[in-house]
$ cat data32.cif   # mmCIF, C-alpha atoms
data_final
#
loop_
_atom_site.group_PDB
_atom_site.id
_atom_site.type_symbol
_atom_site.label_atom_id
_atom_site.label_comp_id
_atom_site.auth_asym_id
_atom_site.auth_seq_id
_atom_site.Cartn_x
_atom_site.Cartn_y
_atom_site.Cartn_z
ATOM 1 C CA MET U 1 -66.397 38.237 119.094
ATOM 2 C CA ILE U 2 -63.104 37.180 117.505
ATOM 3 C CA GLU U 3 -62.229 39.226 114.422
ATOM 4 C CA PHE U 4 -60.607 37.801 111.308
ATOM 5 C CA ARG U 5 -57.919 40.474 111.640
ATOM 6 C CA THR U 6 -56.946 39.069 115.029
ATOM 7 C CA LEU U 7 -56.794 35.501 113.694
ATOM 8 C CA GLU U 8 -54.717 36.638 110.715
ATOM 9 C CA THR U 9 -52.277 38.383 113.038
ATOM 10 C CA PHE U 10 -51.868 35.272 115.165
ATOM 11 C CA VAL U 11 -51.285 33.118 112.061
ATOM 12 C CA TRP U 12 -48.533 35.419 110.794
ATOM 13 C CA VAL U 13 -46.860 35.524 114.213
ATOM 14 C CA ALA U 14 -46.923 31.724 114.380
ATOM 15 C CA GLN U 15 -45.635 31.259 110.829
ATOM 16 C CA LEU U 16 -42.875 33.856 111.008
ATOM 17 C CA LYS U 17 -42.043 33.146 114.669
ATOM 18 C CA SER U 18 -41.666 36.876 115.079
ATOM 19 C CA PHE U 19 -43.857 39.743 116.297
ATOM 20 C CA ARG U 20 -41.681 42.160 114.348
ATOM 21 C CA GLY U 21 -41.951 40.096 111.164
ATOM 22 C CA ALA U 22 -45.725 39.856 111.495
ATOM 23 C CA ALA U 23 -45.958 43.601 112.018
ATOM 24 C CA ALA U 24 -43.948 44.257 108.843
ATOM 25 C CA ARG U 25 -46.065 41.794 106.857
ATOM 26 C CA LEU U 26 -49.320 43.373 108.069
ATOM 27 C CA ASN U 27 -48.100 46.984 107.739
ATOM 28 C CA THR U 28 -48.696 47.717 111.396
ATOM 29 C CA THR U 29 -46.647 48.136 114.574
ATOM 30 C CA GLN U 30 -45.154 45.513 116.843
ATOM 31 C CA PRO U 31 -47.169 46.740 119.890
ATOM 32 C CA ALA U 32 -50.371 46.408 117.817
ATOM 33 C CA VAL U 33 -49.488 42.817 116.952
ATOM 34 C CA SER U 34 -48.723 41.995 120.591
ATOM 35 C CA GLN U 35 -52.010 43.561 121.645
ATOM 36 C CA ARG U 36 -54.020 41.490 119.138
ATOM 37 C CA VAL U 37 -52.389 38.233 120.236
ATOM 38 C CA ALA U 38 -52.979 39.100 123.898
ATOM 39 C CA GLN U 39 -56.602 39.947 123.063
ATOM 40 C CA LEU U 40 -57.052 36.579 121.351
ATOM 41 C CA GLU U 41 -55.606 34.761 124.368
ATOM 42 C CA GLU U 42 -57.987 36.675 126.635
ATOM 43 C CA GLN U 43 -61.012 35.926 124.455
ATOM 44 C CA LEU U 44 -60.198 32.214 124.300
ATOM 45 C CA GLY U 45 -59.098 31.968 127.907
ATOM 46 C CA VAL U 46 -55.918 30.050 127.028
ATOM 47 C CA ARG U 47 -52.252 30.802 126.577
ATOM 48 C CA LEU U 48 -51.246 30.467 122.925
ATOM 49 C CA LEU U 49 -47.547 31.301 123.119
ATOM 50 C CA GLU U 50 -44.738 30.512 125.527
ATOM 51 C CA ARG U 51 -42.623 33.639 125.362
ATOM 52 C CA GLY U 52 -38.910 33.639 126.134
ATOM 53 C CA ARG U 53 -36.344 36.414 126.113
ATOM 54 C CA ARG U 54 -35.171 35.622 122.588
ATOM 55 C CA SER U 55 -37.829 33.314 121.158
ATOM 56 C CA PHE U 56 -41.211 31.776 121.720
ATOM 57 C CA ALA U 57 -43.079 28.576 120.940
ATOM 58 C CA LEU U 58 -46.710 27.641 120.444
ATOM 59 C CA THR U 59 -48.431 25.932 123.343
ATOM 60 C CA GLU U 60 -50.549 22.839 122.706
ATOM 61 C CA ALA U 61 -53.610 25.103 122.650
ATOM 62 C CA GLY U 62 -51.753 27.466 120.305
ATOM 63 C CA ARG U 63 -51.101 24.694 117.808
ATOM 64 C CA SER U 64 -54.767 23.725 117.857
ATOM 65 C CA VAL U 65 -55.920 27.329 117.430
ATOM 66 C CA LEU U 66 -53.410 27.855 114.594
ATOM 67 C CA ALA U 67 -54.836 24.926 112.616
ATOM 68 C CA GLN U 68 -58.402 26.169 113.071
ATOM 69 C CA ALA U 69 -57.471 29.786 112.345
ATOM 70 C CA GLU U 70 -55.777 28.787 109.071
ATOM 71 C CA ARG U 71 -58.871 26.794 108.135
ATOM 72 C CA LEU U 72 -61.207 29.723 108.861
ATOM 73 C CA LEU U 73 -59.046 32.144 106.876
ATOM 74 C CA ARG U 74 -58.941 29.745 103.917
ATOM 75 C CA LEU U 75 -62.739 29.463 104.020
ATOM 76 C CA ARG U 76 -63.013 33.259 104.082
ATOM 77 C CA THR U 77 -60.738 33.481 101.057
ATOM 78 C CA GLU U 78 -62.758 30.836 99.197
ATOM 79 C CA LEU U 79 -66.018 32.617 100.044
ATOM 80 C CA VAL U 80 -64.770 35.963 98.770
ATOM 81 C CA ALA U 81 -63.308 34.359 95.647
ATOM 82 C CA SER U 82 -66.571 32.606 94.845
ATOM 83 C CA VAL U 83 -68.511 35.868 94.550
ATOM 84 C CA THR U 84 -65.787 38.233 93.368
ATOM 85 C CA ASP U 85 -64.953 39.135 89.785
ATOM 86 C CA ARG U 86 -61.325 37.973 89.617
ATOM 87 C CA SER U 87 -60.518 40.555 86.951
ATOM 88 C CA GLN U 88 -61.246 43.289 89.522
ATOM 89 C CA LEU U 89 -58.901 41.903 92.150
ATOM 90 C CA ARG U 90 -56.480 44.571 93.395
ATOM 91 C CA GLY U 91 -53.095 44.306 95.018
ATOM 92 C CA THR U 92 -49.352 44.033 94.510
ATOM 93 C CA LEU U 93 -47.417 40.860 93.756
ATOM 94 C CA ARG U 94 -43.751 40.976 94.710
ATOM 95 C CA LEU U 95 -42.201 38.568 92.240
ATOM 96 C CA GLY U 96 -38.669 37.197 92.029
ATOM 97 C CA ALA U 97 -37.388 35.532 88.868
ATOM 98 C CA ALA U 98 -34.220 33.757 87.809
ATOM 99 C CA GLU U 99 -32.603 35.349 84.761
ATOM 100 C CA THR U 100 -33.104 32.282 82.556
ATOM 101 C CA ILE U 101 -36.846 32.791 82.955
ATOM 102 C CA VAL U 102 -36.501 36.480 82.093
ATOM 103 C CA HIS U 103 -34.982 35.466 78.743
ATOM 104 C CA THR U 104 -37.632 32.827 77.989
ATOM 105 C CA TRP U 105 -41.248 32.956 79.172
ATOM 106 C CA LEU U 106 -41.435 35.763 81.757
ATOM 107 C CA PRO U 107 -42.528 38.346 79.117
ATOM 108 C CA ARG U 108 -45.513 36.095 78.261
ATOM 109 C CA PHE U 109 -46.370 35.857 81.952
ATOM 110 C CA ILE U 110 -46.253 39.642 82.426
ATOM 111 C CA GLU U 111 -48.340 40.246 79.316
ATOM 112 C CA ALA U 112 -51.006 37.734 80.411
ATOM 113 C CA MET U 113 -51.149 39.098 83.976
ATOM 114 C CA SER U 114 -51.533 42.657 82.689
ATOM 115 C CA ALA U 115 -54.262 41.661 80.246
ATOM 116 C CA ARG U 116 -56.358 39.642 82.692
ATOM 117 C CA TYR U 117 -55.786 41.486 85.958
ATOM 118 C CA GLU U 118 -55.188 45.138 85.223
ATOM 119 C CA HIS U 119 -55.512 46.143 88.883
ATOM 120 C CA ILE U 120 -52.694 43.871 90.074
ATOM 121 C CA THR U 121 -49.297 45.542 90.167
ATOM 122 C CA LEU U 122 -46.128 43.529 89.676
ATOM 123 C CA GLU U 123 -42.878 44.353 91.462
ATOM 124 C CA ILE U 124 -40.204 42.204 89.810
ATOM 125 C CA GLU U 125 -36.726 41.376 91.083
ATOM 126 C CA VAL U 126 -34.218 39.373 89.031
ATOM 127 C CA ASP U 127 -31.606 37.411 90.960
ATOM 128 C CA ILE U 128 -29.937 34.030 91.242
ATOM 129 C CA SER U 129 -32.060 31.270 92.780
ATOM 130 C CA PRO U 130 -30.238 30.987 96.158
ATOM 131 C CA ASN U 131 -30.856 34.698 96.771
ATOM 132 C CA LEU U 132 -34.497 34.398 95.700
ATOM 133 C CA ARG U 133 -34.952 31.564 98.178
ATOM 134 C CA GLU U 134 -33.591 33.716 101.021
ATOM 135 C CA ARG U 135 -35.736 36.677 100.016
ATOM 136 C CA LEU U 136 -38.780 34.430 99.963
ATOM 137 C CA LEU U 137 -38.027 33.089 103.438
ATOM 138 C CA GLY U 138 -37.467 36.661 104.611
ATOM 139 C CA GLN U 139 -40.920 37.719 103.354
ATOM 140 C CA GLN U 140 -39.309 40.220 100.971
ATOM 141 C CA ILE U 141 -41.051 38.693 97.953
ATOM 142 C CA ASP U 142 -44.333 36.804 97.656
ATOM 143 C CA LEU U 143 -43.581 34.425 94.788
ATOM 144 C CA ALA U 144 -40.379 33.222 93.126
ATOM 145 C CA PHE U 145 -39.723 31.518 89.806
ATOM 146 C CA MET U 146 -36.415 29.776 90.474
ATOM 147 C CA LEU U 147 -34.357 26.615 90.258
ATOM 148 C CA GLY U 148 -35.633 23.636 92.194
ATOM 149 C CA PRO U 149 -35.988 21.448 94.000
ATOM 150 C CA ILE U 150 -36.472 23.609 97.086
ATOM 151 C CA SER U 151 -35.251 22.115 100.350
ATOM 152 C CA ALA U 152 -36.863 24.598 102.781
ATOM 153 C CA PRO U 153 -39.931 22.851 104.309
ATOM 154 C CA SER U 154 -41.778 26.146 104.803
ATOM 155 C CA ILE U 155 -41.736 26.922 101.065
ATOM 156 C CA GLN U 156 -44.488 25.412 98.951
ATOM 157 C CA SER U 157 -43.607 24.734 95.332
ATOM 158 C CA GLN U 158 -45.066 23.865 91.970
ATOM 159 C CA PRO U 159 -43.074 22.551 88.963
ATOM 160 C CA LEU U 160 -42.949 24.907 85.980
ATOM 161 C CA ARG U 161 -40.682 23.453 83.305
ATOM 162 C CA ASN U 162 -37.276 21.938 82.659
ATOM 163 C CA GLU U 163 -34.612 23.744 80.668
ATOM 164 C CA PRO U 164 -31.876 21.798 78.849
ATOM 165 C CA ILE U 165 -28.400 23.133 79.621
ATOM 166 C CA ARG U 166 -25.714 22.618 76.962
ATOM 167 C CA PHE U 167 -22.269 23.784 75.847
ATOM 168 C CA PHE U 168 -22.166 26.557 73.211
ATOM 169 C CA ALA U 169 -19.241 28.316 71.533
ATOM 170 C CA SER U 170 -18.357 30.683 68.738
ATOM 171 C CA PRO U 171 -17.562 28.906 65.418
ATOM 172 C CA LYS U 172 -14.120 30.541 65.569
ATOM 173 C CA LEU U 173 -13.112 28.106 68.332
ATOM 174 C CA GLY U 174 -13.228 25.321 65.749
ATOM 175 C CA PHE U 175 -15.213 22.607 67.456
ATOM 176 C CA ALA U 176 -16.073 19.619 65.289
ATOM 177 C CA ALA U 177 -19.661 18.579 64.638
ATOM 178 C CA GLY U 178 -20.926 15.688 66.717
ATOM 179 C CA VAL U 179 -19.629 14.598 70.099
ATOM 180 C CA ASN U 180 -16.487 16.221 71.508
ATOM 181 C CA PRO U 181 -14.450 14.755 74.376
ATOM 182 C CA LEU U 182 -14.851 16.692 77.604
ATOM 183 C CA ALA U 183 -11.067 17.203 77.639
ATOM 184 C CA ARG U 184 -11.323 19.120 74.349
ATOM 185 C CA ILE U 185 -13.963 21.437 75.806
ATOM 186 C CA ALA U 186 -12.108 21.821 79.097
ATOM 187 C CA ALA U 187 -9.062 23.110 77.223
ATOM 188 C CA PHE U 188 -10.968 26.414 76.905
ATOM 189 C CA PRO U 189 -12.313 28.629 79.701
ATOM 190 C CA ILE U 190 -15.896 27.680 80.533
ATOM 191 C CA ILE U 191 -18.463 30.400 81.091
ATOM 192 C CA THR U 192 -21.497 29.604 83.227
ATOM 193 C CA PHE U 193 -23.754 30.623 86.121
ATOM 194 C CA ALA U 194 -22.691 32.342 89.355
ATOM 195 C CA ARG U 195 -20.559 30.438 91.857
ATOM 196 C CA ASN U 196 -23.155 29.478 94.454
ATOM 197 C CA THR U 197 -25.698 28.161 91.961
ATOM 198 C CA GLN U 198 -26.681 24.591 91.188
ATOM 199 C CA PRO U 199 -25.349 24.585 87.564
ATOM 200 C CA TYR U 200 -21.968 25.921 88.695
ATOM 201 C CA MET U 201 -21.619 23.209 91.325
ATOM 202 C CA ARG U 202 -22.569 20.510 88.820
ATOM 203 C CA LEU U 203 -19.948 21.832 86.401
ATOM 204 C CA ARG U 204 -17.287 21.749 89.114
ATOM 205 C CA GLU U 205 -18.175 18.122 89.812
ATOM 206 C CA LEU U 206 -17.944 17.325 86.100
ATOM 207 C CA LEU U 207 -14.477 18.898 85.856
ATOM 208 C CA ALA U 208 -13.161 17.211 89.004
ATOM 209 C CA ASP U 209 -11.812 14.301 86.929
ATOM 210 C CA PRO U 210 -8.003 14.262 87.512
ATOM 211 C CA HIS U 211 -7.456 13.258 83.879
ATOM 212 C CA LEU U 212 -8.813 16.602 82.649
ATOM 213 C CA PRO U 213 -6.575 19.643 82.131
ATOM 214 C CA PRO U 214 -6.842 22.521 84.631
ATOM 215 C CA THR U 215 -9.850 24.571 83.541
ATOM 216 C CA ARG U 216 -10.768 28.178 84.209
ATOM 217 C CA ILE U 217 -14.421 28.791 85.019
ATOM 218 C CA HIS U 218 -15.802 32.271 84.395
ATOM 219 C CA ALA U 219 -18.863 32.601 86.640
ATOM 220 C CA SER U 220 -21.478 35.210 85.813
ATOM 221 C CA ALA U 221 -24.732 36.095 87.545
ATOM 222 C CA ALA U 222 -25.938 37.628 84.260
ATOM 223 C CA MET U 223 -26.752 35.244 81.431
ATOM 224 C CA ALA U 224 -26.573 38.126 78.952
ATOM 225 C CA THR U 225 -22.915 38.564 79.923
ATOM 226 C CA ALA U 226 -22.229 34.840 79.555
ATOM 227 C CA VAL U 227 -23.759 34.843 76.063
ATOM 228 C CA ARG U 228 -21.761 37.921 75.053
ATOM 229 C CA MET U 229 -18.511 36.302 76.189
ATOM 230 C CA ALA U 230 -19.322 33.171 74.173
ATOM 231 C CA LEU U 231 -20.155 35.247 71.087
ATOM 232 C CA ASP U 232 -16.784 36.983 71.435
ATOM 233 C CA GLY U 233 -14.990 33.635 71.525
ATOM 234 C CA LEU U 234 -13.734 34.041 75.084
ATOM 235 C CA GLY U 235 -14.638 30.498 76.038
ATOM 236 C CA VAL U 236 -17.289 27.800 75.923
ATOM 237 C CA ALA U 237 -20.576 28.691 77.601
ATOM 238 C CA LEU U 238 -22.568 26.163 79.617
ATOM 239 C CA ILE U 239 -25.985 27.816 79.531
ATOM 240 C CA PRO U 240 -29.672 27.048 78.876
ATOM 241 C CA ALA U 241 -30.233 26.196 75.225
ATOM 242 C CA SER U 242 -33.435 28.246 75.000
ATOM 243 C CA ILE U 243 -31.711 31.595 75.561
ATOM 244 C CA VAL U 244 -29.409 31.257 72.536
ATOM 245 C CA THR U 245 -31.827 29.804 69.975
ATOM 246 C CA GLU U 246 -31.558 32.847 67.697
ATOM 247 C CA ASP U 247 -27.755 32.945 67.918
ATOM 248 C CA VAL U 248 -27.517 29.269 66.971
ATOM 249 C CA GLU U 249 -29.956 29.641 64.061
ATOM 250 C CA ALA U 250 -27.978 32.651 62.798
ATOM 251 C CA GLY U 251 -24.701 30.752 63.039
ATOM 252 C CA ARG U 252 -23.207 33.074 65.652
ATOM 253 C CA LEU U 253 -22.953 30.175 68.106
ATOM 254 C CA VAL U 254 -22.780 26.422 67.677
ATOM 255 C CA GLU U 255 -23.854 23.753 70.129
ATOM 256 C CA VAL U 256 -20.809 21.819 71.270
ATOM 257 C CA GLY U 257 -21.759 18.184 71.601
ATOM 258 C CA CYS U 258 -20.129 16.562 74.608
ATOM 259 C CA SER U 259 -19.647 13.004 75.759
ATOM 260 C CA ARG U 260 -20.804 14.116 79.207
ATOM 261 C CA THR U 261 -24.029 15.975 79.901
ATOM 262 C CA ILE U 262 -25.432 17.937 82.795
ATOM 263 C CA PRO U 263 -29.054 17.260 83.850
ATOM 264 C CA ASP U 264 -31.723 19.722 82.772
ATOM 265 C CA LEU U 265 -32.455 22.674 85.036
ATOM 266 C CA GLN U 266 -35.724 22.216 86.922
ATOM 267 C CA PHE U 267 -37.574 25.494 87.423
ATOM 268 C CA VAL U 268 -40.330 25.793 90.001
ATOM 269 C CA ALA U 269 -42.594 28.401 91.523
ATOM 270 C CA GLY U 270 -42.072 28.853 95.253
ATOM 271 C CA TRP U 271 -44.161 30.676 97.849
ATOM 272 C CA LEU U 272 -44.933 30.681 101.564
ATOM 273 C CA ALA U 273 -48.278 29.701 103.009
ATOM 274 C CA ALA U 274 -50.385 32.762 103.830
ATOM 275 C CA PRO U 275 -53.935 33.450 105.017
ATOM 276 C CA ASP U 276 -54.831 34.984 101.644
ATOM 277 C CA THR U 277 -53.151 33.600 98.523
ATOM 278 C CA ARG U 278 -55.660 34.712 95.901
ATOM 279 C CA ILE U 279 -53.176 36.776 93.893
ATOM 280 C CA ILE U 280 -50.535 34.043 94.131
ATOM 281 C CA ASP U 281 -53.057 31.451 92.955
ATOM 282 C CA LEU U 282 -53.911 33.565 89.903
ATOM 283 C CA ALA U 283 -50.228 34.084 89.131
ATOM 284 C CA LEU U 284 -49.500 30.355 89.432
ATOM 285 C CA GLU U 285 -52.232 29.562 86.929
ATOM 286 C CA ILE U 286 -50.797 31.990 84.374
ATOM 287 C CA ALA U 287 -47.194 30.935 85.104
ATOM 288 C CA ALA U 288 -48.003 27.295 84.383
ATOM 289 C CA ASP U 289 -49.550 28.235 81.056
ATOM 290 C CA SER U 290 -46.734 30.644 80.114
ATOM 291 C CA ALA U 291 -43.988 28.165 81.004
ATOM 292 C CA ALA U 292 -45.630 25.336 79.057
ATOM 293 C CA ARG U 293 -45.437 27.234 75.774
ATOM 294 C CA ARG U 294 -42.148 26.995 73.865
#
$ encode --input "data32.cif" --output "structure tokens"
Amino acid sequence: MIEFRTLETFVWVAQLKSFRGAAARLNTTQPAVSQRVAQLEEQLGVRLLERGRRSFALTEAGRSVLAQAERLLRLRTELVASVTDRSQLRGTLRLGAAETIVHTWLPRFIEAMSARYEHITLEIEVDISPNLRERLLGQQIDLAFMLGPISAPSIQSQPLRNEPIRFFASPKLGFAAGVNPLARIAAFPIITFARNTQPYMRLRELLADPHLPPTRIHASAAMATAVRMALDGLGVALIPASIVTEDVEAGRLVEVGCSRTIPDLQFVAGWLAAPDTRIIDLALEIAADSAARR
């Protein structure tokens, strides 16, 4: 009889294209994974993998078995979920989050998860979105709240919310109310996201106009640092409006209207397909609700 554990092992090997990766994901050894796949091939009487010295590929039979195995594992998950008290679900969710989310709705998400699912432990990493994407692909985190859209075909995604990104500065820099020419803003250093991020690249494109003065860009992976620099009058910050609401209301920062705008940041939830996504599904439900509230 074929065990679900054996099917799950085969699915992870096929998805990760690695016996070692599957072993790490299943908290077992590489020989144990190899043994389970070999056992499945013996039970079915077909070869599922074409193994090479450095890589392997699914055979035609392997692709067919993978589709059916994923279907069976999904049905098992649905069966268990239908009779299980979700509040008693146990496990650990390895979560990655972009810093903008940390400063906006992530606290609501954590509070709601803790209240509804007290037996689920959160392990949270804060990083820039490109790094979160790589950690997700490397199976180092289970779910990421990050900038989209996501180009990797193996990552599934769900929209969360858009964040307006605007120019802000200390009143001491003397910007006039209303719309300011981009050249006026570019006369000051501009403080924004880290170099390899989407907002930074969009800013570079905006400043590529040869009619603009040479502009210094201070890139920071920490939004708290960018805000502090703006408060100290060290430049104009191009940052999400939602993280400086209190500073603007208190008069410590002013929004600098500009004749040119940068599109809103699109934040999404990203995750990899897995045989059991119950905890991820619960987290996605709460994330959508948390992100929708302003």
$ resolve_selection --input "data32.cif" --expression "the PyMOL selection byres ((chain U and resi 260-270) around 9)" --output "PyMOL selection string"
chain U and resi 98+101+133+136+142-150+155-167+181-182+198-199+202-203+206+240+257-259+271-272+284+287
$ atom_distance --input "data32.cif" --atom1 "CA of Gly233 (chain U)" --atom2 "CA of Ser170 (chain U)"
5.3 Å
$ resolve_selection --input "data32.cif" --expression "the PyMOL selection byres ((chain U and resi 222) around 10)" --output "ChimeraX atom specification"
/U:98-100,126-128,192-194,219-221,223-227
$ write_last_selection --input "data32.cif" --atoms "C-alpha atoms" --output "PDB file, keeping the file's coordinate frame"
ATOM      1  CA  ALA U  98     -34.220  33.757  87.809  1.00  0.00           C
ATOM      2  CA  GLU U  99     -32.603  35.349  84.761  1.00  0.00           C
ATOM      3  CA  THR U 100     -33.104  32.282  82.556  1.00  0.00           C
ATOM      4  CA  VAL U 126     -34.218  39.373  89.031  1.00  0.00           C
ATOM      5  CA  ASP U 127     -31.606  37.411  90.960  1.00  0.00           C
ATOM      6  CA  ILE U 128     -29.937  34.030  91.242  1.00  0.00           C
ATOM      7  CA  THR U 192     -21.497  29.604  83.227  1.00  0.00           C
ATOM      8  CA  PHE U 193     -23.754  30.623  86.121  1.00  0.00           C
ATOM      9  CA  ALA U 194     -22.691  32.342  89.355  1.00  0.00           C
ATOM     10  CA  ALA U 219     -18.863  32.601  86.640  1.00  0.00           C
ATOM     11  CA  SER U 220     -21.478  35.210  85.813  1.00  0.00           C
ATOM     12  CA  ALA U 221     -24.732  36.095  87.545  1.00  0.00           C
ATOM     13  CA  MET U 223     -26.752  35.244  81.431  1.00  0.00           C
ATOM     14  CA  ALA U 224     -26.573  38.126  78.952  1.00  0.00           C
ATOM     15  CA  THR U 225     -22.915  38.564  79.923  1.00  0.00           C
ATOM     16  CA  ALA U 226     -22.229  34.840  79.555  1.00  0.00           C
ATOM     17  CA  VAL U 227     -23.759  34.843  76.063  1.00  0.00           C
TER      18      VAL U 227
END
$ resolve_selection --input "data32.cif" --expression "the PyMOL selection byres ((chain U and resi 4) around 9)" --output "list of chain:residue names"
U:Ile2, U:Glu3, U:Arg5, U:Thr6, U:Leu7, U:Glu8, U:Thr9, U:Ala69, U:Leu72, U:Leu73, U:Arg76
$ residues_around --input "data32.cif" --residues "Arg90 (chain U)" --least-positions-apart "5" --cutoff "8 Å" --atoms "all atoms listed in the file" --output "PyMOL selection string"
chain U and resi 119-121
$ closest_residue --input "data32.cif" --among "U:Pro275, U:Gly235, U:Pro130, U:Gly138" --to "Thr197 (chain U)" --atoms "all atoms listed in the file"
U:Pro130
$ atom_distance --input "data32.cif" --atom1 "CA of Gly91 (chain U)" --atom2 "CA of Ile280 (chain U)"
10.6 Å
$ closest_residue --input "data32.cif" --among "U:Ala208, U:Arg116, U:Glu255, U:Ala24" --to "Asn180 (chain U)" --atoms "all atoms listed in the file"
U:Glu255
$ closest_residue --input "data32.cif" --among "U:Met1, U:Ala292, U:Leu207, U:Ile141" --to "Arg25 (chain U)" --atoms "all atoms listed in the file"
U:Ile141
$ atom_distance --input "data32.cif" --atom1 "CA of Gln139 (chain U)" --atom2 "CA of Thr277 (chain U)"
13.8 Å
$ residues_around --input "data32.cif" --residues "Thr28 (chain U)" --least-positions-apart "6" --cutoff "12 Å" --atoms "only C-alpha atoms" --output "list in words"
Arg5, Thr9, Phe19, Arg20, Gly21, Ala22, Ser34, Gln35 and Arg36 of chain U
$ closest_residue --input "data32.cif" --among "U:Arg135, U:Glu125, U:Val256, U:Ala288" --to "Gly178 (chain U)" --atoms "only C-alpha atoms"
U:Val256
$ closest_residue --input "data32.cif" --among "U:Val102, U:Leu231, U:Ala187, U:Leu26" --to "His211 (chain U)" --atoms "all atoms listed in the file"
U:Ala187
$ decode --input "data32.cif" --residues "region 271-283 of chain U" --atoms "N, CA and C atoms" --output "PDB file, in the first residue's frame"
ATOM      1  N   TRP U 271       3.928  32.651  -1.946  1.00  0.00           N
ATOM      2  CA  TRP U 271       4.229  31.358  -1.320  1.00  0.00           C
ATOM      3  C   TRP U 271       4.413  30.308  -2.403  1.00  0.00           C
ATOM      4  N   LEU U 272       5.044  29.202  -2.042  1.00  0.00           N
ATOM      5  CA  LEU U 272       5.238  28.088  -2.958  1.00  0.00           C
ATOM      6  C   LEU U 272       4.163  27.041  -2.728  1.00  0.00           C
ATOM      7  N   ALA U 273       3.790  26.364  -3.792  1.00  0.00           N
ATOM      8  CA  ALA U 273       2.832  25.268  -3.661  1.00  0.00           C
ATOM      9  C   ALA U 273       3.424  24.193  -2.754  1.00  0.00           C
ATOM     10  N   ALA U 274       2.589  23.601  -1.931  1.00  0.00           N
ATOM     11  CA  ALA U 274       3.046  22.564  -0.993  1.00  0.00           C
ATOM     12  C   ALA U 274       1.906  21.575  -0.772  1.00  0.00           C
ATOM     13  N   PRO U 275       2.228  20.342  -0.371  1.00  0.00           N
ATOM     14  CA  PRO U 275       1.174  19.366  -0.127  1.00  0.00           C
ATOM     15  C   PRO U 275       0.185  19.800   0.953  1.00  0.00           C
ATOM     16  N   ASP U 276       0.650  20.532   1.951  1.00  0.00           N
ATOM     17  CA  ASP U 276      -0.222  20.967   3.038  1.00  0.00           C
ATOM     18  C   ASP U 276      -0.031  22.465   3.241  1.00  0.00           C
ATOM     19  N   THR U 277      -1.037  23.245   2.889  1.00  0.00           N
ATOM     20  CA  THR U 277      -0.945  24.702   3.009  1.00  0.00           C
ATOM     21  C   THR U 277      -1.978  25.245   3.991  1.00  0.00           C
ATOM     22  N   ARG U 278      -2.397  24.429   4.940  1.00  0.00           N
ATOM     23  CA  ARG U 278      -3.454  24.890   5.851  1.00  0.00           C
ATOM     24  C   ARG U 278      -3.048  26.146   6.617  1.00  0.00           C
ATOM     25  N   ILE U 279      -1.850  26.165   7.166  1.00  0.00           N
ATOM     26  CA  ILE U 279      -1.425  27.328   7.949  1.00  0.00           C
ATOM     27  C   ILE U 279      -1.279  28.548   7.043  1.00  0.00           C
ATOM     28  N   ILE U 280      -0.746  28.350   5.839  1.00  0.00           N
ATOM     29  CA  ILE U 280      -0.619  29.461   4.899  1.00  0.00           C
ATOM     30  C   ILE U 280      -1.993  30.003   4.527  1.00  0.00           C
ATOM     31  N   ASP U 281      -2.944  29.117   4.296  1.00  0.00           N
ATOM     32  CA  ASP U 281      -4.299  29.551   3.942  1.00  0.00           C
ATOM     33  C   ASP U 281      -4.919  30.397   5.045  1.00  0.00           C
ATOM     34  N   LEU U 282      -4.723  29.998   6.295  1.00  0.00           N
ATOM     35  CA  LEU U 282      -5.246  30.777   7.422  1.00  0.00           C
ATOM     36  C   LEU U 282      -4.572  32.149   7.475  1.00  0.00           C
ATOM     37  N   ALA U 283      -3.258  32.154   7.270  1.00  0.00           N
ATOM     38  CA  ALA U 283      -2.514  33.414   7.325  1.00  0.00           C
ATOM     39  C   ALA U 283      -2.940  34.350   6.197  1.00  0.00           C
TER      40      ALA U 283
END
